[in-house]
There are 2 protein chains.
Amino acid sequence: MTRILLTIAYDGTDFCGFQLQPGLRSVEGELNAAITKLTGEEMTVIGASRTDSGVHALGNAAVFDTESSIPPERFANALNTVLPDDVRAVASREVAPDWHPRHQNCEKTYIYRVDCGYVPSPMDSRYAMHFPRNLDVTRMQEAAVRFLGEHDFTSFSNPKSQVLMAGGSPVRTITGIRVKQENTFGSNEGSDGRFGELVTIEVTGTGFLYNMVRIMAGTLLDVGTGRFTADDVTAMLEAKDRTKAGMTAEAKGLCLKEIRWQ
Amino acid sequence: MTRILLTIAYDGTDFCGFQLQPGLRSVEGELNAAITKLTGEEMTVIGASRTDSGVHALGNAAVFDTESSIPPERFANALNTVLPDDVRAVASREVAPDWHPRHQNCEKTYIYRVDCGYVPSPMDSRYAMHFPRNLDVTRMQEAAVRFLGEHDFTSFSNPKSQVLMAGGSPVRTITGIRVKQENTFGSNEGSDGRFGELVTIEVTGTGFLYNMVRIMAGTLLDVGTGRFTADDVTAMLEAKDRTKAGMTAEAKGLCLKEIRWQ
């Protein structure tokens with residue numbers, strides 16, 4: 001028996017989320033089916049991050065156990081021959097038989113993408129939240145650094161978080177955060193000057209509560225418009241009350257970029 | 001009667017192309033229908049660039065004549081209320097009654113996007129050609145500048161070009177070209193190091209023959225792999241023979257970024 005760690009990427013648009021749900025199309029379901037097709041074994045993968053419907057991944061991960069003779073490093077390519085186009089196995093390797101992606105220390109990096117043009121770019125409609133406001137990126141960055149370090153993130157978690165409801169700790173550590181103005185394809189003349197431009201929020205931490213990145217992003221957007229200040233963000237963290245923080249930004253803007261195992 | 005110039009953006013994936021084709025979904029057809037819905041007038045827009053199926057645009061243009069009392073600058077927003085999500089009107093303004101987008105001097109900028117990771121990124125699958133090779137971007141840039149200036153582009157045109165078949169000139173002027181390595185979402189550990197990375201070719205000129213940018217891009221890709229040299233590109237231009245140049249890169253990697261009217 002060999003335990004294989006898969007790095008996986010997917011366009012979350014047409015999935016109910018990572019996790020298996022009866023009658024719905026899930027990333028987990030596609031992975032299970034693809035591995036079964038390849039090995040003949042009945043399969044239930046264990047995912048690292050059970051992303052919501054619409055959330056994308058470039059570097060999510062999953063493990064599974066197999067008796068197959070396919071070399072561990074070859075599994076990714078073999079799976080890509082049977083996976084649908086919107087899920088790709090990026091890499092594969094053997095890990096210890098007791099290695100569990102949710103019990104392993106790691107750093108995760110998420111990227112949140114905002115299309116702030118007045119008219120939304122059709123090419124970003126699946127991969128960015130449309131928020132047609134003039135955003136002050138410097139102001140957003142100044143507020144973003146208030147999230148750095150170890151904090152109680154109760155205000156920035158969905159109260160339905162399984163971890164919190166089971167009495168788990170709401171304390172998490174953010175090790176990096178950066179707000180940036182970019183344009184994927186570039187903007188053009190004759191537009192409002194923001195067409196095709198994105199604001200991205202990239203955040204790295206050792207763990208995240210349910211909806212945490214999306215609430216952080218939603219709050220920073222309202223910092224960008226001038227509604228909240230950096231001090232408001234600090235006060236929100238201290239309040240430990242979800243109703244004090246900003247909105248939950250849309251799922252489709254979120255992408256799990258990378259997990260670095262420690 | 002007022003002539004309106006529209007700047008339009010679209011995701012070309014689900015269109016037969018810009019131009020109306022009976023029984024198929026075209027950008028032109030959607031624009032005509034949307035203007036009719038808004039004004040009640042029967043409508044046939046005149047497009048600036050009749051892009052192929054799968055080709056995208058952030059800044060294509062079209063004109064139409066209307067008796068409507070909608071202020072010219074307001075047309076874009078009004079149209080967005082009736083257009084499908086994959087076509088957006090970015091801006092609108094009045095132009096002279098005889099202003100014709102294909103008879104007007106202009107500079108067009110195209111961007112060609114290549115996903116050169118071994119495993120294709122699911123988020124770029126509609127907007128980039130997958131070309132899983134290690135590309136030497138410096139070498140590509142050195143060859144790309146050979147296209148600068150005025151040249152006979154017969155070797156870089158589809159021989160079925162209507163312009164060429166009608167005896168039109170194959171001479172075009174390229175005013176800017178740039179090859180760049182980027183990553184939209186960023187790459188990650190555990191991949192082959194290129195996952196999620198793009199090579200983009202941005203090219204500006206006063207006019208382009210049919211498939212010209214795609215053949216230039218296809219040729220530069222084979223420069224990037226070492227198959228062709230910069231001197232080969234010069235020889236291809238001089239040969240005035242389509243069979244001497246490289247492949248036609250896929251439609252889905254191409255985006256008409258901007259038209260600057262002169």
# chains A, B, ... in the order shown; residues from 1 in each chain; ligands from 1

call {"tool": "interface_residues", "arguments": {"of": "chain B", "to": "chain A", "cutoff": "9 Å", "atoms": "only C-alpha atoms", "output": "MDAnalysis selection string"}}
result
chainID B and resid 7 9:11 56:59 77 80 85:93 111 118:123 125:127 184:192 195:196 255 257:260

call {"tool": "select_by_dssp", "arguments": {"residues": "segment 15-252 of chain A", "states": "alpha helix (DSSP H)", "output": "VMD selection string"}}
result
chain A and resid 27 to 39 75 to 80 137 to 144 162 to 165 212 to 224 230 to 239

call {"tool": "closest_residue", "arguments": {"among": "B:Thr248, B:Gln181, B:Thr206, B:Thr51", "to": "Asn158 of chain B", "atoms": "only C-alpha atoms"}}
result
B:Thr248

call {"tool": "residues_around", "arguments": {"residues": "Phe15 of chain A", "least_positions_apart": "6", "cutoff": "8 Å", "atoms": "only C-alpha atoms", "output": "number ranges by chain"}}
result
A: 24-27, 53-54

call {"tool": "write_last_selection", "arguments": {"atoms": "all heavy atoms", "output": "tab-separated table (two decimals), in the first residue's frame"}}
result
chain	number	residue	atom	x	y	z
A	24	LEU	N	-24.35	15.92	-6.89
A	24	LEU	CA	-23.71	17.13	-7.41
A	24	LEU	C	-22.30	16.81	-7.89
A	24	LEU	O	-21.71	15.80	-7.49
A	24	LEU	CB	-23.67	18.22	-6.33
A	24	LEU	CG	-25.04	18.69	-5.83
A	24	LEU	CD1	-24.88	19.65	-4.66
A	24	LEU	CD2	-25.82	19.38	-6.97
A	25	ARG	N	-21.77	17.70	-8.73
A	25	ARG	CA	-20.44	17.50	-9.29
A	25	ARG	C	-19.41	18.15	-8.35
A	25	ARG	O	-19.42	19.36	-8.16
A	25	ARG	CB	-20.39	18.16	-10.68
A	25	ARG	CG	-19.11	17.89	-11.42
A	25	ARG	CD	-19.21	18.33	-12.87
A	25	ARG	NE	-17.99	18.04	-13.57
A	25	ARG	CZ	-17.02	18.92	-13.81
A	25	ARG	NH1	-17.17	20.18	-13.44
A	25	ARG	NH2	-15.92	18.54	-14.43
A	26	SER	N	-18.55	17.32	-7.76
A	26	SER	CA	-17.53	17.84	-6.84
A	26	SER	C	-16.14	17.49	-7.34
A	26	SER	O	-15.96	16.54	-8.11
A	26	SER	CB	-17.71	17.24	-5.45
A	26	SER	OG	-17.51	15.84	-5.49
A	27	VAL	N	-15.14	18.25	-6.89
A	27	VAL	CA	-13.75	17.96	-7.25
A	27	VAL	C	-13.37	16.60	-6.69
A	27	VAL	O	-12.78	15.76	-7.40
A	27	VAL	CB	-12.80	19.06	-6.70
A	27	VAL	CG1	-11.35	18.71	-7.00
A	27	VAL	CG2	-13.16	20.42	-7.29
A	53	SER	N	-18.01	25.99	-3.41
A	53	SER	CA	-18.41	26.10	-4.81
A	53	SER	C	-17.95	27.44	-5.40
A	53	SER	O	-18.13	28.48	-4.78
A	53	SER	CB	-19.94	26.01	-4.91
A	53	SER	OG	-20.34	26.10	-6.27
A	54	GLY	N	-17.34	27.38	-6.57
A	54	GLY	CA	-16.89	28.61	-7.23
A	54	GLY	C	-15.47	29.00	-6.90
A	54	GLY	O	-14.85	29.77	-7.63

call {"tool": "residues_around", "arguments": {"residues": "Asn211 of chain B", "least_positions_apart": "6", "cutoff": "9 Å", "atoms": "only C-alpha atoms", "output": "PyMOL selection string"}}
result
chain B and resi 52+156-158+161+248-249+251

call {"tool": "write_last_selection", "arguments": {"atoms": "all heavy atoms", "output": "short mmCIF file (atom, residue, chain, number, x, y, z; two decimals), in the first residue's frame"}}
result
data_model
loop_
_atom_site.label_atom_id
_atom_site.label_comp_id
_atom_site.auth_asym_id
_atom_site.auth_seq_id
_atom_site.Cartn_x
_atom_site.Cartn_y
_atom_site.Cartn_z
N ASP B 52 -11.92 35.81 -35.39
CA ASP B 52 -12.33 34.42 -35.58
C ASP B 52 -12.97 33.82 -34.32
O ASP B 52 -12.82 34.36 -33.23
CB ASP B 52 -11.11 33.55 -35.93
CG ASP B 52 -10.75 33.65 -37.41
OD1 ASP B 52 -11.64 33.92 -38.22
OD2 ASP B 52 -9.56 33.44 -37.73
N PHE B 156 3.26 35.47 -43.55
CA PHE B 156 2.57 35.44 -42.25
C PHE B 156 1.08 35.73 -42.40
O PHE B 156 0.47 36.31 -41.52
CB PHE B 156 3.25 36.43 -41.30
CG PHE B 156 4.64 36.00 -40.93
CD1 PHE B 156 5.74 36.37 -41.72
CD2 PHE B 156 4.86 35.18 -39.84
CE1 PHE B 156 7.02 35.94 -41.40
CE2 PHE B 156 6.14 34.75 -39.51
CZ PHE B 156 7.23 35.13 -40.30
N SER B 157 0.54 35.33 -43.53
CA SER B 157 -0.90 35.51 -43.73
C SER B 157 -1.50 34.20 -44.23
O SER B 157 -0.87 33.44 -44.97
CB SER B 157 -1.15 36.60 -44.77
OG SER B 157 -2.53 36.62 -45.13
N ASN B 158 -2.73 33.95 -43.81
CA ASN B 158 -3.49 32.85 -44.38
C ASN B 158 -3.71 33.16 -45.86
O ASN B 158 -4.20 34.23 -46.20
CB ASN B 158 -4.83 32.76 -43.63
CG ASN B 158 -5.64 31.55 -44.03
OD1 ASN B 158 -5.65 31.15 -45.20
ND2 ASN B 158 -6.31 30.96 -43.06
N SER B 161 -6.78 34.82 -47.18
CA SER B 161 -7.06 36.22 -46.85
C SER B 161 -7.86 36.89 -47.96
O SER B 161 -7.46 36.88 -49.13
CB SER B 161 -5.73 36.95 -46.66
OG SER B 161 -5.89 38.34 -46.90
N THR B 248 0.29 28.24 -37.35
CA THR B 248 -0.72 29.20 -36.90
C THR B 248 -1.11 28.83 -35.48
O THR B 248 -1.67 27.77 -35.24
CB THR B 248 -1.98 29.12 -37.80
OG1 THR B 248 -1.58 29.30 -39.16
CG2 THR B 248 -2.99 30.19 -37.42
N ALA B 249 -0.75 29.69 -34.53
CA ALA B 249 -1.07 29.38 -33.13
C ALA B 249 -2.59 29.41 -32.93
O ALA B 249 -3.32 30.05 -33.68
CB ALA B 249 -0.37 30.38 -32.21
N ALA B 251 -6.49 29.89 -31.93
CA ALA B 251 -7.33 31.09 -31.80
C ALA B 251 -7.50 31.52 -30.35
O ALA B 251 -7.44 32.71 -30.02
CB ALA B 251 -8.70 30.84 -32.43
#

call {"tool": "closest_residue", "arguments": {"among": "B:Phe147, B:Phe64, B:Phe75, B:Phe18", "to": "Glu238 of chain B", "atoms": "only C-alpha atoms"}}
result
B:Phe147

call {"tool": "residues_around", "arguments": {"residues": "Phe228 of chain A", "least_positions_apart": "6", "cutoff": "12 Å", "atoms": "only C-alpha atoms", "output": "ChimeraX atom specification"}}
result
/A:136,139-140,142-144,218-222,234-236,244-247

call {"tool": "write_last_selection", "arguments": {"atoms": "all heavy atoms", "output": "compact mmCIF listing (two decimals), in the first residue's frame"}}
result
# COMPACT_ATOMS: atom_id res chain seq x y z
N ASP A 136 -8.56 52.50 -3.26
CA ASP A 136 -7.28 53.07 -2.83
C ASP A 136 -6.43 51.90 -2.32
O ASP A 136 -6.59 51.44 -1.19
CB ASP A 136 -7.55 54.09 -1.73
CG ASP A 136 -6.28 54.79 -1.26
OD1 ASP A 136 -5.18 54.22 -1.39
OD2 ASP A 136 -6.40 55.92 -0.76
N ARG A 139 -4.16 52.46 0.80
CA ARG A 139 -4.99 52.41 2.01
C ARG A 139 -5.34 50.95 2.37
O ARG A 139 -5.32 50.57 3.56
CB ARG A 139 -6.27 53.21 1.71
CG ARG A 139 -7.16 53.49 2.87
CD ARG A 139 -8.40 54.24 2.36
NE ARG A 139 -9.49 54.09 3.29
CZ ARG A 139 -9.73 54.94 4.28
NH1 ARG A 139 -8.98 56.01 4.43
NH2 ARG A 139 -10.73 54.73 5.13
N MET A 140 -5.61 50.15 1.36
CA MET A 140 -5.92 48.73 1.59
C MET A 140 -4.72 48.00 2.17
O MET A 140 -4.84 47.19 3.09
CB MET A 140 -6.38 48.06 0.29
CG MET A 140 -7.76 48.50 -0.19
SD MET A 140 -8.15 47.87 -1.85
CE MET A 140 -8.54 46.15 -1.50
N GLU A 142 -2.26 49.30 3.85
CA GLU A 142 -2.03 49.77 5.24
C GLU A 142 -2.95 49.06 6.22
O GLU A 142 -2.56 48.77 7.36
CB GLU A 142 -2.23 51.29 5.32
CG GLU A 142 -1.02 52.07 4.81
CD GLU A 142 -1.35 53.53 4.47
OE1 GLU A 142 -2.45 54.00 4.84
OE2 GLU A 142 -0.50 54.19 3.84
N ALA A 143 -4.18 48.80 5.78
CA ALA A 143 -5.11 48.08 6.66
C ALA A 143 -4.79 46.58 6.69
O ALA A 143 -4.91 45.93 7.73
CB ALA A 143 -6.54 48.29 6.19
N ALA A 144 -4.33 46.06 5.55
CA ALA A 144 -4.08 44.62 5.44
C ALA A 144 -3.03 44.15 6.45
O ALA A 144 -3.16 43.06 7.01
CB ALA A 144 -3.64 44.28 4.01
N GLY A 218 -13.47 41.07 1.71
CA GLY A 218 -14.65 41.94 1.69
C GLY A 218 -14.44 43.18 2.56
O GLY A 218 -14.82 44.30 2.18
N THR A 219 -13.79 42.98 3.69
CA THR A 219 -13.51 44.10 4.59
C THR A 219 -12.50 45.05 3.95
O THR A 219 -12.67 46.27 3.99
CB THR A 219 -12.98 43.55 5.93
OG1 THR A 219 -13.95 42.65 6.48
CG2 THR A 219 -12.71 44.69 6.92
N LEU A 220 -11.44 44.49 3.35
CA LEU A 220 -10.42 45.34 2.72
C LEU A 220 -11.00 46.12 1.54
O LEU A 220 -10.57 47.24 1.26
CB LEU A 220 -9.22 44.50 2.28
CG LEU A 220 -8.34 43.98 3.43
CD1 LEU A 220 -7.24 43.08 2.88
CD2 LEU A 220 -7.74 45.14 4.25
N LEU A 221 -11.98 45.55 0.83
CA LEU A 221 -12.62 46.30 -0.26
C LEU A 221 -13.28 47.55 0.30
O LEU A 221 -13.18 48.64 -0.29
CB LEU A 221 -13.64 45.42 -0.98
CG LEU A 221 -13.03 44.34 -1.86
CD1 LEU A 221 -14.12 43.49 -2.52
CD2 LEU A 221 -12.13 44.96 -2.93
N ASP A 222 -13.93 47.41 1.44
CA ASP A 222 -14.58 48.58 2.04
C ASP A 222 -13.57 49.53 2.69
O ASP A 222 -13.89 50.68 2.97
CB ASP A 222 -15.67 48.15 3.04
CG ASP A 222 -17.00 47.92 2.32
OD1 ASP A 222 -17.19 48.48 1.22
OD2 ASP A 222 -17.85 47.18 2.85
N THR A 234 -8.35 46.74 13.08
CA THR A 234 -7.84 46.33 14.39
C THR A 234 -9.00 46.19 15.39
O THR A 234 -9.07 45.20 16.13
CB THR A 234 -6.82 47.38 14.90
OG1 THR A 234 -5.75 47.44 13.97
CG2 THR A 234 -6.28 47.00 16.26
N ALA A 235 -9.92 47.14 15.37
CA ALA A 235 -11.07 47.08 16.27
C ALA A 235 -11.96 45.86 15.96
O ALA A 235 -12.49 45.21 16.87
CB ALA A 235 -11.89 48.36 16.17
N MET A 236 -12.10 45.54 14.68
CA MET A 236 -12.89 44.36 14.29
C MET A 236 -12.27 43.09 14.86
O MET A 236 -12.98 42.22 15.37
CB MET A 236 -12.94 44.25 12.76
CG MET A 236 -13.81 45.28 12.07
SD MET A 236 -13.51 45.19 10.27
CE MET A 236 -14.40 46.67 9.73
N LYS A 244 -19.24 42.64 13.31
CA LYS A 244 -18.45 43.88 13.30
C LYS A 244 -17.56 44.01 12.06
O LYS A 244 -17.15 45.11 11.70
CB LYS A 244 -17.55 43.95 14.55
CG LYS A 244 -18.28 43.90 15.87
CD LYS A 244 -19.26 45.06 16.02
CE LYS A 244 -19.90 45.05 17.42
NZ LYS A 244 -21.18 45.79 17.45
N ALA A 245 -17.25 42.87 11.38
CA ALA A 245 -16.36 42.94 10.21
C ALA A 245 -17.17 43.18 8.94
O ALA A 245 -18.40 43.32 8.99
CB ALA A 245 -15.54 41.65 10.10
N GLY A 246 -16.50 43.25 7.82
CA GLY A 246 -17.15 43.58 6.55
C GLY A 246 -17.83 42.38 5.91
O GLY A 246 -17.99 41.31 6.52
N MET A 247 -18.23 42.60 4.65
CA MET A 247 -18.97 41.57 3.90
C MET A 247 -18.08 40.37 3.57
O MET A 247 -16.86 40.45 3.59
CB MET A 247 -19.48 42.16 2.59
CG MET A 247 -18.35 42.61 1.67
SD MET A 247 -18.92 43.14 0.02
CE MET A 247 -17.44 44.01 -0.56

call {"tool": "select_by_dssp", "arguments": {"residues": "segment 39-223 of chain B", "states": "strand (DSSP E)", "output": "VMD selection string"}}
result
chain B and resid 46 to 47 56 to 66 87 to 95 106 to 115 129 to 130 149 to 152 171 to 183 197 to 205

call {"tool": "closest_residue", "arguments": {"among": "B:Thr36, B:Ser49, B:Thr243, B:Thr66", "to": "Thr154 of chain B", "atoms": "only C-alpha atoms"}}
result
B:Thr243

call {"tool": "residues_around", "arguments": {"residues": "Lys160 of chain B", "least_positions_apart": "3", "cutoff": "8 Å", "atoms": "only C-alpha atoms", "output": "ChimeraX atom specification"}}
result
/B:164-165,210

call {"tool": "write_last_selection", "arguments": {"atoms": "N, CA, C and O atoms", "output": "PDB file, in the first residue's frame"}}
result
ATOM      1  N   LEU B 164      -5.774  39.656 -49.666  1.00  0.00           N
ATOM      2  CA  LEU B 164      -4.765  39.191 -50.619  1.00  0.00           C
ATOM      3  C   LEU B 164      -5.431  38.626 -51.879  1.00  0.00           C
ATOM      4  O   LEU B 164      -4.973  38.870 -53.002  1.00  0.00           O
ATOM      5  N   MET B 165      -6.529  37.872 -51.710  1.00  0.00           N
ATOM      6  CA  MET B 165      -7.191  37.274 -52.870  1.00  0.00           C
ATOM      7  C   MET B 165      -7.775  38.355 -53.784  1.00  0.00           C
ATOM      8  O   MET B 165      -7.888  38.159 -54.992  1.00  0.00           O
ATOM      9  N   TYR B 210      -5.043  38.473 -42.470  1.00  0.00           N
ATOM     10  CA  TYR B 210      -5.798  37.382 -41.851  1.00  0.00           C
ATOM     11  C   TYR B 210      -4.838  36.349 -41.238  1.00  0.00           C
ATOM     12  O   TYR B 210      -3.940  35.842 -41.921  1.00  0.00           O
TER      13      TYR B 210
END

call {"tool": "closest_residue", "arguments": {"among": "B:Ile4, B:Cys16, B:Ala48, B:Val223", "to": "Asn134 of chain B", "atoms": "only C-alpha atoms"}}
result
B:Val223

call {"tool": "closest_residue", "arguments": {"among": "A:Lys37, A:Asp14, A:Gly149, A:Ser69", "to": "Thr81 of chain A", "atoms": "only C-alpha atoms"}}
result
A:Lys37

call {"tool": "atom_distance", "arguments": {"atom1": "atom CA of Thr173 of chain A", "atom2": "atom CA of Gly205 of chain A"}}
result
5.6 Å

call {"tool": "closest_residue", "arguments": {"among": "B:Val114, B:Leu38, B:Ala217, B:Ile174", "to": "Arg194 of chain B", "atoms": "only C-alpha atoms"}}
result
B:Val114
